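Student: Got a structure here, written out as structure tokens. Questions coming.
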Amino acid sequence: MMSVWRNIAWVFILLSMPLCVSAQSDAQEELDVKEIVLGHVGDSYEWHITSFKEKDLSIPLPVIVHSPTSGWHLFSSRHLREGAEYEGLRIAEDGDFKGKIVERQADGSDLRPFDLSITKTVAGLLINTVLLAVLVLGAARWYRHRKVSDAAPRGFVGMMEMLVSTLIDGLIKPCVGPNYRRFAPYLLTVFCFILINNLMGLIPIFPGGANVTGNIAVTLVLALATFLAVNLFGSRAYWKDIFWPEVPTWLKVPLPIIPFIEFIGILTKPFALMIRLFANMMAGHAVILSLTCVIFVTAQLGAAINGSMTVVSVLFTIFMNCLELLVAFLQAYIFTMLSAVFIGLAQDNGHQEKA
Amino acid sequence: MDLGVIGAAIGAGLAVIGVGLGIGKIGSSAMEAIGRQPEATDKIRTNMIIVAALVEGVALFAVVVCFLAL
Amino acid sequence: MGLLQPESGLLFWMLLSFVVVFVLLARYGFPVIVKAIESRKQYIDDSLAAAREAERKLDSIRADGQALREAAEQQQKEILLQANEMREQMIREAKRKAEAEGQRILAAARERAEAEREAILQDARQQVASLAVAITEKMLRAKLEDEAAQSRLASQLLDEMEHRQTN
């Protein structure tokens with residue numbers, strides 16, 4: 001216990017040191033932390049792995065672009081490095097489409113073509129999707145040649161089985177209600193999809209590290225899927241509660257106030273799902289990166305400060321990574337649970353569960 | 001500095017204060033409820049997460065508005 | 001702001017990959033696992049029920065065997081008892097028969113002895129009679145002079161004879 005307190009005191013001393021010294025230091029070379037963080041959290045056309053002696057080591061990814069003037073383009077993003085132009089296309093340095101591929105038009109203006117490029121996020125997404133399919137189908141394959149009376153699976157298949165049965169018994173069955181069987185595959189898919197993308201995003205090197213679930217387009221599709229699952233299979237009582245709820249009549253006859261609010265509620269639920277997952281995952285990536293950047297920000301402040309801050313940064317990054325591990329699971333769980341609750345409420349036939 | 005950025009930052013801060021209070025209240029009530037009825041822990045936890053998610057959803061709207069103002 | 005705008009290309013790829021993985025997993029992935037889990041659960045329940053049933057049956061069989069053994073013991077005891085009784089009866093019967101036979105033999109012997117004695121008596125009577133006749137003849141022939149003495153003698157003789165016979 002004493003050593004823990006000593007460590008904490010040590011961390012605080014280290015933390016307060018730069019505050020005393022920073023007044024005198026003048027930064028010669030400004031490190032743009034915002035640029036680094038947003039560059040990672042955003043998207044890019046190649047998968048940057050590391051920089052080594054002023055040379056970038058990165059995996060070029062295919063660029064697939066359809067322009068209304070010049071048709072389809074398919075080439076490696078290697079040609080677009082360092083702002084180079086290829087087939088009339090380049091990555092915009094600034095402007096509205098900063099960091100995106102634009103096409104220079106005849107009159108000198110830039111046009112954003114229809115962009116189906118395999119960007120870093122798309123590549124990560126595809127890798128994770130294939131990985132998920134392989135893992136789950138591999139686990140399912142295990143059962144093909146086995147009878148019920150055989151021994152229960154061990155290892156990975158056993159883990160999958162435990163995960164599935166925990167989710168079904170602890171989450172899907174109580175939240176969705178009696179016809180949970182119909183929605184169980186969807187909810188399990190969503191859970192595993194988010195979980196594997198979150199976890200892969202925490203791995204800092206190549207196959208992982210892409211900020212997939214921290215991207216609004218990804219969460220938008222997931223939220224849309226839940227929206228469809230809720231509303232396409234909604235019961236009559238669910239729709240009645242929206243358009244003719246049991247409230248005083250003046251609240252719904254001349255001006256449909258409550259129905260309007262309820263209708264907005266249909267849209268805000270999946271919207272909240274979308275933003276929640278996106279914001280949590282993006283914030284996690286951003287915080288970890290910012291903490292790592294502390295090392296480089298303090299590089300100009302002298303060896304002592306830089307060393308101490310490196311220790312602090314590493315400690316905090318480890319802590320944040322552990323937290324993110326929890327958040328990765330928690331967000332997948334919350335997304336699945338709220339989807340299940342919304343589906344369950346839409347399936348409900350009476351008023352017994354509506355609070 | 002741009003006034004919009006300041007406004008966004010203040011707005012985000014206010015949203016965080018509100019959500020902090022809300023989720024803190026949910027958490028304290030849930031802990032109290034679990035303390036009173038330890039056998040209902042699972043149900044309480046589930047409902048706690050759902051309500052916390054609803055509160056958090058409101059805060060996320062605020063955050064989105066802040067983003068838009070940025 | 002840029003982060004909040006969904007990119008059309010990413011949207012397309014996400015939609016494609018999610019739909020594909022969802023169809024794949026919802027058809028070939030999770031239902032298989034869920035079904036396997038449920039059927040295993042069912043199997044375990046069934047096995048438990050079968051084990052309980054078997055135990056119950058075993059108990060009843062054990063009880064049946066116990067009852068059977070008790071019945072057999074009872075029967076054995078009865079048979080032994082019966083056999084004992086029969087033996088006793090047989091012995092009694094044999095004894096009775098033997099006794100009757102002995103009685104009969106004894107009676108026959110007695111009868112024969114009686115008959116023999118009768119015959120002997122008859123014979124003796126005849127002999128006495130013939131002896132008396134002979135004596136009388138002799139007395140008649142030799143000592144016919146003293147009639148009184150003769151008859152006395154004769155009766156004395158007769159008396160004596162009678163006497164001997166009764167003894």
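In the structure tokens, the first chain shown is A, the next is B, and so on; residue numbers restart at 1 for each chain, and ligands run from 1 in the order shown.
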Chain B residues within 9 Å of chain A, counting only C-alpha atoms: which ones, as a ChimeraX atom specification?

Tutor: /B:42,46,49-50,53-54,56-58,60-61,63-64

Student: Check every residue of chain B for an atom within 9 Å of chain C, counting only C-alpha atoms, and provide those that qualify as a list in words.

Tutor: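 My answer is Val64, Phe67, Leu68, Ala69 and Leu70 of chain B.
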
Student: Would you export the selected residues with C-alpha atoms as a short mmCIF file (atom, residue, chain, number, x, y, z; two decimals), in the first residue's frame, please?

Tutor:
data_model
loop_
_atom_site.label_atom_id
_atom_site.label_comp_id
_atom_site.auth_asym_id
_atom_site.auth_seq_id
_atom_site.Cartn_x
_atom_site.Cartn_y
_atom_site.Cartn_z
CA VAL B 64 -23.36 17.00 -31.78
CA PHE B 67 -19.64 19.87 -33.15
CA LEU B 68 -21.92 21.65 -35.57
CA ALA B 69 -21.08 25.00 -33.99
CA LEU B 70 -17.35 24.28 -34.13
#

Student: With a distance cut-off of 8 Å and only C-alpha atoms, select the neighbouring residues of range 33-38 of chain C, excluding the residue or stretch itself and same-chain residues fewer than 6 positions from it, and output the selection as number ranges by chain.

Tutor: A: 139-140, 143, 148, 161, 164-165

Student: Given the selection you just returned, output its residues as a file containing C-alpha atoms, formatted as a tab-separated table (two decimals), in the first residue's frame.

Tutor:
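Saved as again.tsv:
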chain	number	residue	atom	x	y	z
A	139	ALA	CA	-17.10	-22.19	-34.53
A	140	ALA	CA	-20.34	-23.22	-36.24
A	143	TYR	CA	-20.80	-28.73	-34.68
A	148	VAL	CA	-25.47	-33.87	-29.24
A	161	GLU	CA	-20.64	-20.95	-27.03
A	164	VAL	CA	-23.61	-16.74	-27.24
A	165	SER	CA	-25.44	-18.39	-24.37

Student: Taking only C-alpha atoms into account, what are the residues of chain A at most 7 Å from chain C, put as an MDAnalysis selection string?

Tutor: chainID A and resid 42 115:117 122 126 129 133 136:137 140 148 161 185:186 189 216:218 221

Student: In Å, with one decimal, what is the gap from CA of Phe52 in chain A to CA of Ile64 in chain A?

Tutor: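 Between these atoms lies a distance of 28.6 Å.
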
Student: Report as a list of chain:residue names all protein, DNA and RNA residues lying within 10 Å of Thr69 in chain A, evaluated on only C-alpha atoms, omitting residues in the same chain fewer than 2 positions from it.

Tutor: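 Surrounding residues, per the criterion: A:His66, A:Ser67, A:Gly71, A:Trp72, A:Glu103, A:Gln105, A:Leu111, A:Pro113.
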
Student: Take the selection from the previous step and output its residues with N, CA and C atoms, as a PDB file, in the first residue's frame.

Tutor:
ATOM      1  N   HIS A  66     -15.169   7.109 -59.249  1.00  0.00           N
ATOM      2  CA  HIS A  66     -15.940   7.341 -60.477  1.00  0.00           C
ATOM      3  C   HIS A  66     -16.213   8.828 -60.609  1.00  0.00           C
ATOM      4  N   SER A  67     -15.709   9.362 -61.676  1.00  0.00           N
ATOM      5  CA  SER A  67     -15.912  10.799 -61.911  1.00  0.00           C
ATOM      6  C   SER A  67     -16.906  10.983 -63.042  1.00  0.00           C
ATOM      7  N   GLY A  71     -15.015   9.103 -65.933  1.00  0.00           N
ATOM      8  CA  GLY A  71     -15.387   7.700 -65.722  1.00  0.00           C
ATOM      9  C   GLY A  71     -14.652   7.066 -64.552  1.00  0.00           C
ATOM     10  N   TRP A  72     -14.503   5.744 -64.620  1.00  0.00           N
ATOM     11  CA  TRP A  72     -13.928   4.989 -63.510  1.00  0.00           C
ATOM     12  C   TRP A  72     -12.416   5.089 -63.488  1.00  0.00           C
ATOM     13  N   GLU A 103     -10.841  15.907 -58.192  1.00  0.00           N
ATOM     14  CA  GLU A 103     -10.433  15.928 -59.595  1.00  0.00           C
ATOM     15  C   GLU A 103     -10.395  17.373 -60.071  1.00  0.00           C
ATOM     16  N   GLN A 105     -10.906  20.138 -62.512  1.00  0.00           N
ATOM     17  CA  GLN A 105     -11.732  20.316 -63.703  1.00  0.00           C
ATOM     18  C   GLN A 105     -11.027  21.230 -64.699  1.00  0.00           C
ATOM     19  N   LEU A 111     -13.421  19.050 -58.176  1.00  0.00           N
ATOM     20  CA  LEU A 111     -14.687  18.323 -58.094  1.00  0.00           C
ATOM     21  C   LEU A 111     -14.444  17.063 -57.278  1.00  0.00           C
ATOM     22  N   PRO A 113     -15.144  13.462 -56.841  1.00  0.00           N
ATOM     23  CA  PRO A 113     -15.776  12.345 -57.563  1.00  0.00           C
ATOM     24  C   PRO A 113     -16.408  11.354 -56.590  1.00  0.00           C
TER      25      PRO A 113
END

Student: So that I can see what lies close to Glu262 in chain A, please list as a ChimeraX atom specification the residues with an atom at most 10 Å from it, counting only C-alpha atoms and leaving out residues fewer than 2 positions away in the same chain.

Tutor: /A:239,241-245,256-260,264-268

Student: What does the distance between CA of Lys25 in chain B and CA of Met48 in chain B come to in Å, to one decimal place?

Tutor: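 CA of Met48 in chain B lies at a distance of 10.4 Å from CA of Lys25 in chain B.
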
Student: Calculated over only C-alpha atoms, which of the candidates A:Ala92, A:Ala346, A:Ile127, A:Val63 has the smallest distance to Leu228 in chain A?

Tutor: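 With only C-alpha atoms as the atom set, the closest residue is A:Ala346.
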